[in-house]
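Engineer: Supplied structure: target.cif, mmCIF, C-alpha atoms and all ligand atoms.
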data_start
#
loop_
_atom_site.label_atom_id
_atom_site.label_comp_id
_atom_site.auth_asym_id
_atom_site.auth_seq_id
_atom_site.Cartn_x
_atom_site.Cartn_y
_atom_site.Cartn_z
CA MET A 1 94.51 66.34 5.68
CA ASP A 2 90.87 66.37 6.78
CA ILE A 3 89.97 69.77 8.24
CA PHE A 4 88.44 68.33 11.43
CA GLU A 5 91.55 66.24 12.00
CA ALA A 6 93.75 69.31 11.47
CA ILE A 7 91.70 71.39 13.90
CA LYS A 8 91.70 68.73 16.59
CA ASN A 9 95.30 67.57 16.32
CA ARG A 10 97.10 70.92 15.91
CA ARG A 11 99.06 71.72 19.05
CA SER A 12 101.17 74.64 20.15
CA ILE A 13 104.74 73.56 19.46
CA ARG A 14 107.47 75.02 21.68
CA HIS A 15 110.38 72.72 20.73
CA TYR A 16 111.83 72.66 17.21
CA LYS A 17 114.41 70.79 15.17
CA PRO A 18 116.95 73.00 13.37
CA ASP A 19 115.77 71.59 9.99
CA PRO A 20 115.29 74.31 7.37
CA VAL A 21 111.92 75.41 5.97
CA ASP A 22 112.14 76.64 2.37
CA ASP A 23 110.65 79.86 1.00
CA LYS A 24 107.99 78.01 -1.02
CA THR A 25 106.66 76.31 2.10
CA VAL A 26 106.60 79.60 4.01
CA GLU A 27 104.71 81.18 1.11
CA LYS A 28 102.19 78.31 1.10
CA VAL A 29 101.49 78.80 4.79
CA LEU A 30 101.17 82.58 4.37
CA GLU A 31 98.89 82.19 1.35
CA ALA A 32 96.54 80.14 3.54
CA ALA A 33 96.66 82.92 6.15
CA HIS A 34 95.95 85.50 3.45
CA TRP A 35 92.75 83.66 2.40
CA ALA A 36 91.18 84.36 5.81
CA PRO A 37 88.02 86.46 5.90
CA SER A 38 88.47 90.06 7.05
CA TRP A 39 86.44 93.18 7.83
CA GLY A 40 85.28 94.63 4.50
CA ASN A 41 87.87 92.34 2.86
CA GLN A 42 90.49 94.90 3.87
CA GLN A 43 93.11 92.21 4.60
CA CYS A 44 94.78 94.29 7.28
CA TRP A 45 97.47 91.64 7.99
CA ARG A 46 101.12 92.18 7.13
CA PHE A 47 103.48 89.24 7.62
CA VAL A 48 107.13 89.81 8.43
CA VAL A 49 109.20 86.68 7.76
CA VAL A 50 112.35 86.66 9.86
CA ARG A 51 115.13 84.14 9.28
CA ASP A 52 118.12 86.12 10.59
CA PRO A 53 119.10 84.47 13.92
CA ARG A 54 120.20 87.84 15.36
CA THR A 55 116.78 89.37 14.69
CA ARG A 56 115.00 86.30 16.05
CA SER A 57 117.15 86.46 19.14
CA ALA A 58 116.43 90.17 19.65
CA VAL A 59 112.70 89.45 19.33
CA ALA A 60 112.95 86.48 21.73
CA ASP A 61 114.55 88.85 24.29
CA THR A 62 111.31 90.86 24.36
CA LEU A 63 109.09 87.96 25.45
CA ALA A 64 107.70 87.98 28.97
CA LYS A 65 109.92 86.08 31.42
CA VAL A 66 108.60 83.44 33.82
CA SER A 67 109.49 83.00 37.48
CA VAL A 68 111.17 79.67 38.33
CA ASP A 69 112.51 79.18 41.88
CA SER A 70 112.28 82.96 42.35
CA GLU A 71 114.41 83.64 39.28
CA TRP A 72 113.14 85.24 36.09
CA VAL A 73 113.94 82.96 33.15
CA GLU A 74 113.12 82.71 29.50
CA ASN A 75 109.90 80.87 28.67
CA ALA A 76 109.55 78.02 26.19
CA ALA A 77 108.07 80.27 23.51
CA ALA A 78 111.18 82.49 23.57
CA LEU A 79 113.42 79.46 23.23
CA SER A 80 111.33 78.22 20.32
CA ILE A 81 111.82 81.55 18.52
CA ARG A 82 115.58 81.13 18.91
CA HIS A 83 115.56 77.51 17.71
CA ALA A 84 113.02 77.37 14.85
CA PRO A 85 114.46 78.50 11.48
CA VAL A 86 111.63 80.94 10.73
CA LEU A 87 109.76 83.53 12.76
CA ILE A 88 106.63 85.15 11.38
CA VAL A 89 105.58 88.40 13.01
CA VAL A 90 102.00 89.29 12.15
CA CYS A 91 101.29 93.01 12.01
CA ALA A 92 98.04 94.83 11.33
CA GLU A 93 97.13 98.03 9.58
CA LYS A 94 94.94 99.49 12.30
CA SER A 95 92.74 102.08 10.71
CA GLY A 96 90.37 100.15 8.42
CA ALA A 97 88.74 97.31 10.32
CA GLY A 98 85.64 98.24 12.32
CA ARG A 99 84.92 101.32 10.24
CA SER A 100 82.57 102.17 7.40
CA GLY A 101 83.79 103.70 4.13
CA ASP A 102 83.65 107.23 5.60
CA GLY A 103 85.88 106.18 8.51
CA ALA A 104 83.18 106.10 11.20
CA LEU A 105 83.32 103.33 13.80
CA LEU A 106 80.47 100.93 13.18
CA ASN A 107 79.73 99.57 16.64
CA GLU A 108 80.58 99.63 20.31
CA LYS A 109 83.37 97.08 19.90
CA GLY A 110 85.46 100.08 18.95
CA GLU A 111 88.59 100.25 16.88
CA TYR A 112 90.03 96.83 17.68
CA TRP A 113 88.40 94.72 14.95
CA TYR A 114 91.80 94.33 13.32
CA MET A 115 92.63 91.96 16.18
CA PHE A 116 89.78 89.76 15.01
CA ASP A 117 91.06 89.72 11.42
CA ILE A 118 94.58 88.88 12.57
CA ALA A 119 93.24 86.02 14.69
CA LEU A 120 91.46 84.54 11.69
CA ALA A 121 94.60 84.77 9.56
CA MET A 122 96.62 83.26 12.39
CA GLN A 123 94.26 80.32 12.71
CA ASN A 124 94.56 79.62 8.97
CA LEU A 125 98.33 79.93 9.29
CA THR A 126 98.60 77.47 12.18
CA LEU A 127 96.32 74.91 10.54
CA ALA A 128 98.10 75.14 7.18
CA ALA A 129 101.47 74.69 8.90
CA HIS A 130 100.14 71.68 10.78
CA ALA A 131 98.82 70.16 7.54
CA LEU A 132 102.36 70.47 6.14
CA GLY A 133 103.90 68.76 9.17
CA LEU A 134 105.20 72.03 10.65
CA GLY A 135 104.76 73.49 14.10
CA THR A 136 103.67 76.90 15.33
CA VAL A 137 102.83 78.59 18.60
CA ILE A 138 100.87 81.81 18.73
CA VAL A 139 102.74 84.29 20.92
CA GLY A 140 101.05 87.31 22.46
CA GLY A 141 103.26 87.98 25.49
CA PHE A 142 105.95 90.27 24.10
CA ASP A 143 107.03 93.91 24.26
CA VAL A 144 105.19 95.39 21.28
CA ALA A 145 107.17 98.65 21.07
CA ARG A 146 110.52 96.84 21.13
CA VAL A 147 109.46 94.30 18.50
CA GLU A 148 108.12 97.07 16.26
CA LYS A 149 111.48 98.82 16.51
CA ILE A 150 113.46 95.64 15.80
CA ILE A 151 111.52 94.74 12.66
CA GLY A 152 110.93 98.34 11.59
CA VAL A 153 107.13 98.56 11.67
CA THR A 154 106.00 101.86 10.15
CA GLY A 155 102.90 103.94 9.51
CA ASP A 156 99.54 102.87 10.79
CA CYS A 157 100.71 99.32 11.56
CA THR A 158 101.25 97.50 14.82
CA ALA A 159 102.77 94.12 15.69
CA VAL A 160 99.94 91.93 17.00
CA THR A 161 101.32 88.46 17.34
CA MET A 162 104.03 86.10 16.11
CA THR A 163 104.88 82.46 15.70
CA PRO A 164 107.97 80.40 15.12
CA LEU A 165 107.64 78.04 12.16
CA GLY A 166 109.62 74.85 11.90
CA VAL A 167 109.78 71.09 12.18
CA PRO A 168 108.45 70.00 15.59
CA ALA A 169 111.00 68.27 17.84
CA GLY A 170 108.14 66.30 19.39
CA LYS A 171 104.41 66.20 19.80
CA GLY A 172 102.95 69.21 21.58
CA GLN A 173 101.28 68.71 24.91
CA VAL A 174 97.50 68.39 24.69
CA SER A 175 95.85 71.24 26.59
CA PRO A 176 92.45 69.84 27.57
CA ARG A 177 89.31 71.73 26.63
CA LYS A 178 86.30 72.45 28.81
CA LYS A 179 83.30 70.18 28.34
CA LEU A 180 81.27 71.24 25.32
CA SER A 181 78.23 71.49 27.60
CA GLU A 182 79.99 74.30 29.52
CA VAL A 183 80.31 76.48 26.43
CA ILE A 184 77.23 75.71 24.34
CA PHE A 185 73.84 77.23 25.15
CA MET A 186 70.61 76.42 23.40
CA GLU A 187 68.26 79.25 22.44
CA LYS A 188 69.38 81.58 25.30
CA PHE A 189 72.65 82.37 27.10
C1 LIG B 1 96.03 85.10 21.56
C2 LIG B 1 96.96 84.01 22.04
C3 LIG B 1 98.15 84.37 22.67
C4 LIG B 1 99.04 83.37 23.09
N1 LIG B 1 100.22 83.75 23.66
C5 LIG B 1 101.10 82.79 24.03
C6 LIG B 1 102.37 83.18 24.57
O1 LIG B 1 102.69 84.37 24.72
N2 LIG B 1 103.24 82.19 24.91
C7 LIG B 1 102.92 80.86 24.75
O2 LIG B 1 103.75 80.01 25.08
N3 LIG B 1 101.73 80.47 24.22
C8 LIG B 1 100.81 81.39 23.87
N4 LIG B 1 99.61 81.03 23.30
C9 LIG B 1 99.30 79.59 23.08
C10 LIG B 1 98.27 79.04 24.08
O3 LIG B 1 98.88 78.88 25.32
C11 LIG B 1 97.71 77.70 23.54
O4 LIG B 1 97.09 77.92 22.29
C12 LIG B 1 96.70 77.08 24.51
O5 LIG B 1 97.32 76.70 25.71
C13 LIG B 1 96.04 75.82 23.92
O6 LIG B 1 97.02 74.86 23.53
P1 LIG B 1 97.09 74.31 22.04
O7 LIG B 1 97.37 75.47 21.14
O8 LIG B 1 98.20 73.30 22.02
O9 LIG B 1 95.76 73.68 21.72
C14 LIG B 1 98.72 81.99 22.88
C15 LIG B 1 97.52 81.66 22.22
C16 LIG B 1 96.67 82.65 21.78
C17 LIG B 1 95.41 82.25 21.04
#
Please express the file's structure as structure tokens.

Structural biologist:
Amino acid sequence: MDIFEAIKNRRSIRHYKPDPVDDKTVEKVLEAAHWAPSWGNQQCWRFVVVRDPRTRSAVADTLAKVSVDSEWVENAAALSIRHAPVLIVVCAEKSGAGRSGDGALLNEKGEYWYMFDIALAMQNLTLAAHALGLGTVIVGGFDVARVEKIIGVTGDCTAVTMTPLGVPAGKGQVSPRKKLSEVIFMEKF
């Protein structure tokens, strides 16, 4: 698939078929994620592949609820984690990114550069999945502490984001983008 086509046609997918996704395909998607650039090539990402429906369900329970007719209900992303056969939780080793070899922080952006590295890996992951005919949706609205407990995150790592991975049950809705002229500046901001 042409890269521009992949970038433009990838959509967040929140409805999945129960069709299985084999280990080789998951590995292919994660290898693409792993080829992302990273601070000092430290590759801070750690991918936790979850197939067990009970674990996926426990993780889905931690997602932020939405208010519908003054009732708090599960959002589409949570349902997609229950329905897709694979969930990938992307964790980061926090201490390396943003620092020089002696451990000093390198600029005023502070200690959160690992978020940047994870985003790059996640973008590769979503595009690779799309190129293979699979769907993803990046999920950020979850209870980090609970998810870390469920999947057993240890040491200097934290759970940053996650995505279900599976065969889309339909085309994702196109979320329109702002006009290019609103976001591009020539020579000065
Ligand atoms: C950092 C980040 C966090 C996100 N968190 C959620 C989320 O918690 N739940 C959800 O349904 N979608 C989430 N999304 C998906 C966005 O809503 C989606 O990418 C955006 O609306 C554009 O749609 P598209 O991906 O189909 O182009 C997140 C996306 C990003 C980049």

Engineer: Kindly assemble as a tab-separated table a list of the chain A residues that lie within 6 Å of ligand LIG 1 (chain B), each paired with its nearest atom pair and their distance in Å to one decimal, using all atoms listed in the file, sorted first by chain and then by ascending residue number.

Structural biologist:
residue	atom	partner	partner_atom	distance
A:Arg11	CA	B:LIG1	O8	3.5
A:Ser12	CA	B:LIG1	O8	3.8
A:Ala77	CA	B:LIG1	O2	4.6
A:Val137	CA	B:LIG1	C9	5.8
A:Ile138	CA	B:LIG1	C14	4.7
A:Val139	CA	B:LIG1	N1	3.8
A:Gly140	CA	B:LIG1	N1	3.8
A:Gly141	CA	B:LIG1	O1	3.7
A:Val174	CA	B:LIG1	O8	5.6
A:Ser175	CA	B:LIG1	O6	4.9

Engineer: One decimal, Å: what's the distance from CA of Arg82 in chain A over to CA of Ile118 in chain A, could you say?

Structural biologist: 23.3 Å

Engineer: With all atoms listed in the file as the basis for distance, which of A:Phe4, A:Tyr16, A:Trp39, A:Phe47 is at the shortest distance from Thr158 in chain A?

Structural biologist: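 Going through A:Phe4, A:Tyr16, A:Trp39, A:Phe47 one by one, the smallest distance to Thr158 in chain A is for A:Phe47.
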
Engineer: Measuring between all atoms listed in the file, which one of A:Ala97, A:Asp102, A:Ala159, A:Ala169 shows the shortest distance to Pro37 in chain A?

Structural biologist: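 The answer is A:Ala97, which sits nearest to Pro37 in chain A.
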
Engineer: Edge lengths and centre, in Å to one decimal, as lines of an AutoDock Vina configuration file: that's what I need for the box along x, y and z that holds all listed atoms of range 117-123 of chain A plus 3 Å on each side.

Structural biologist:
center_x = 93.8
center_y = 85.0
center_z = 12.1
size_x = 11.6
size_y = 15.4
size_z = 11.1

Engineer: Just give me the gap between CA of Gly40 in chain A and CA of Val26 in chain A in Å, one decimal is fine.

Structural biologist: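 That distance, rounded to one decimal, is 26.1 Å.
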
Engineer: Quick one, how far is CA of His15 in chain A from CA of Pro168 in chain A?

Structural biologist: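 If I compute the distance from CA of His15 in chain A to CA of Pro168 in chain A, I get 6.1 Å.
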
Engineer: Using only C-alpha atoms and a cutoff of 12 Å, can you tell me which residues are near (101.0, 67.7, 11.5) in the file's coordinates, and write them out as a CSV table (one decimal) with C-alpha atoms, keeping the file's coordinate frame?

Structural biologist:
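The result, written out as out-v2.csv:
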chain,number,residue,atom,x,y,z
A,1,MET,CA,94.5,66.3,5.7
A,2,ASP,CA,90.9,66.4,6.8
A,3,ILE,CA,90.0,69.8,8.2
A,5,GLU,CA,91.6,66.2,12.0
A,6,ALA,CA,93.8,69.3,11.5
A,7,ILE,CA,91.7,71.4,13.9
A,8,LYS,CA,91.7,68.7,16.6
A,9,ASN,CA,95.3,67.6,16.3
A,10,ARG,CA,97.1,70.9,15.9
A,11,ARG,CA,99.1,71.7,19.0
A,12,SER,CA,101.2,74.6,20.2
A,13,ILE,CA,104.7,73.6,19.5
A,126,THR,CA,98.6,77.5,12.2
A,127,LEU,CA,96.3,74.9,10.5
A,128,ALA,CA,98.1,75.1,7.2
A,129,ALA,CA,101.5,74.7,8.9
A,130,HIS,CA,100.1,71.7,10.8
A,131,ALA,CA,98.8,70.2,7.5
A,132,LEU,CA,102.4,70.5,6.1
A,133,GLY,CA,103.9,68.8,9.2
A,134,LEU,CA,105.2,72.0,10.6
A,135,GLY,CA,104.8,73.5,14.1
A,136,THR,CA,103.7,76.9,15.3
A,166,GLY,CA,109.6,74.8,11.9
A,167,VAL,CA,109.8,71.1,12.2
A,168,PRO,CA,108.4,70.0,15.6
A,169,ALA,CA,111.0,68.3,17.8
A,170,GLY,CA,108.1,66.3,19.4
A,171,LYS,CA,104.4,66.2,19.8
A,172,GLY,CA,103.0,69.2,21.6

Engineer: Would you list the residues near (88.7, 97.8, 15.5) (no more than 10 Å away, in the coordinates of the file, using all atoms listed in the file) as a PyMOL selection string?

Structural biologist: chain A and resi 39+94-99+105-117

Engineer: Excluding Ser57 in chain A and its own-chain neighbours fewer than 5 positions away, which residues fall within 10 Å of it when counting all atoms listed in the file? Please give them as a ChimeraX atom specification.

Structural biologist: /A:52,62,78-79,81-83

Engineer: Excluding same-chain residues fewer than 4 positions from Val49 in chain A, what lies within 12 Å of it counting only C-alpha atoms, as a CSV table (one decimal) with C-alpha atoms, in the coordinates of the input?

Structural biologist:
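Once written, out.csv looks like this:
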chain,number,residue,atom,x,y,z
A,21,VAL,CA,111.9,75.4,6.0
A,22,ASP,CA,112.1,76.6,2.4
A,23,ASP,CA,110.6,79.9,1.0
A,26,VAL,CA,106.6,79.6,4.0
A,27,GLU,CA,104.7,81.2,1.1
A,29,VAL,CA,101.5,78.8,4.8
A,30,LEU,CA,101.2,82.6,4.4
A,53,PRO,CA,119.1,84.5,13.9
A,55,THR,CA,116.8,89.4,14.7
A,56,ARG,CA,115.0,86.3,16.0
A,85,PRO,CA,114.5,78.5,11.5
A,86,VAL,CA,111.6,80.9,10.7
A,87,LEU,CA,109.8,83.5,12.8
A,88,ILE,CA,106.6,85.2,11.4
A,89,VAL,CA,105.6,88.4,13.0
A,90,VAL,CA,102.0,89.3,12.2
A,91,CYS,CA,101.3,93.0,12.0
A,151,ILE,CA,111.5,94.7,12.7
A,162,MET,CA,104.0,86.1,16.1
A,163,THR,CA,104.9,82.5,15.7
A,164,PRO,CA,108.0,80.4,15.1
A,165,LEU,CA,107.6,78.0,12.2

Engineer: Please produce range 119-140 of chain A, completed to N, CA and C atoms, as a compact mmCIF listing (two decimals), keeping the file's coordinate frame.

Structural biologist:
# COMPACT_ATOMS: atom_id res chain seq x y z
N ALA A 119 93.46 87.34 14.08
CA ALA A 119 93.24 86.02 14.69
C ALA A 119 92.78 85.01 13.64
N LEU A 120 91.93 85.45 12.74
CA LEU A 120 91.46 84.54 11.69
C LEU A 120 92.62 84.12 10.78
N ALA A 121 93.44 85.08 10.41
CA ALA A 121 94.60 84.77 9.56
C ALA A 121 95.54 83.83 10.30
N MET A 122 95.70 84.08 11.59
CA MET A 122 96.62 83.26 12.39
C MET A 122 96.12 81.83 12.49
N GLN A 123 94.81 81.67 12.64
CA GLN A 123 94.26 80.32 12.71
C GLN A 123 94.51 79.57 11.40
N ASN A 124 94.26 80.25 10.28
CA ASN A 124 94.56 79.62 8.97
C ASN A 124 96.04 79.23 8.90
N LEU A 125 96.88 80.15 9.35
CA LEU A 125 98.33 79.93 9.29
C LEU A 125 98.73 78.68 10.11
N THR A 126 98.21 78.59 11.32
CA THR A 126 98.60 77.47 12.18
C THR A 126 98.09 76.14 11.63
N LEU A 127 96.88 76.16 11.08
CA LEU A 127 96.32 74.91 10.54
C LEU A 127 97.05 74.49 9.26
N ALA A 128 97.37 75.46 8.42
CA ALA A 128 98.10 75.14 7.18
C ALA A 128 99.48 74.58 7.52
N ALA A 129 100.14 75.19 8.49
CA ALA A 129 101.47 74.69 8.90
C ALA A 129 101.35 73.26 9.40
N HIS A 130 100.34 73.03 10.22
CA HIS A 130 100.14 71.68 10.78
C HIS A 130 99.90 70.67 9.65
N ALA A 131 99.10 71.06 8.67
CA ALA A 131 98.82 70.16 7.54
C ALA A 131 100.09 69.83 6.76
N LEU A 132 101.08 70.71 6.84
CA LEU A 132 102.36 70.47 6.14
C LEU A 132 103.39 69.82 7.05
N GLY A 133 102.98 69.43 8.24
CA GLY A 133 103.90 68.76 9.17
C GLY A 133 104.77 69.73 9.95
N LEU A 134 104.40 71.01 9.95
CA LEU A 134 105.20 72.03 10.65
C LEU A 134 104.51 72.48 11.93
N GLY A 135 105.30 73.02 12.84
CA GLY A 135 104.76 73.49 14.10
C GLY A 135 104.70 75.00 14.17
N THR A 136 103.81 75.47 15.05
CA THR A 136 103.67 76.90 15.33
C THR A 136 103.26 77.05 16.79
N VAL A 137 103.48 78.24 17.34
CA VAL A 137 102.83 78.59 18.60
C VAL A 137 102.53 80.08 18.54
N ILE A 138 101.28 80.40 18.74
CA ILE A 138 100.87 81.81 18.73
C ILE A 138 101.45 82.48 19.97
N VAL A 139 102.13 83.59 19.78
CA VAL A 139 102.74 84.29 20.92
C VAL A 139 102.14 85.69 21.03
N GLY A 140 101.62 85.98 22.22
CA GLY A 140 101.05 87.31 22.46
C GLY A 140 101.81 88.07 23.54
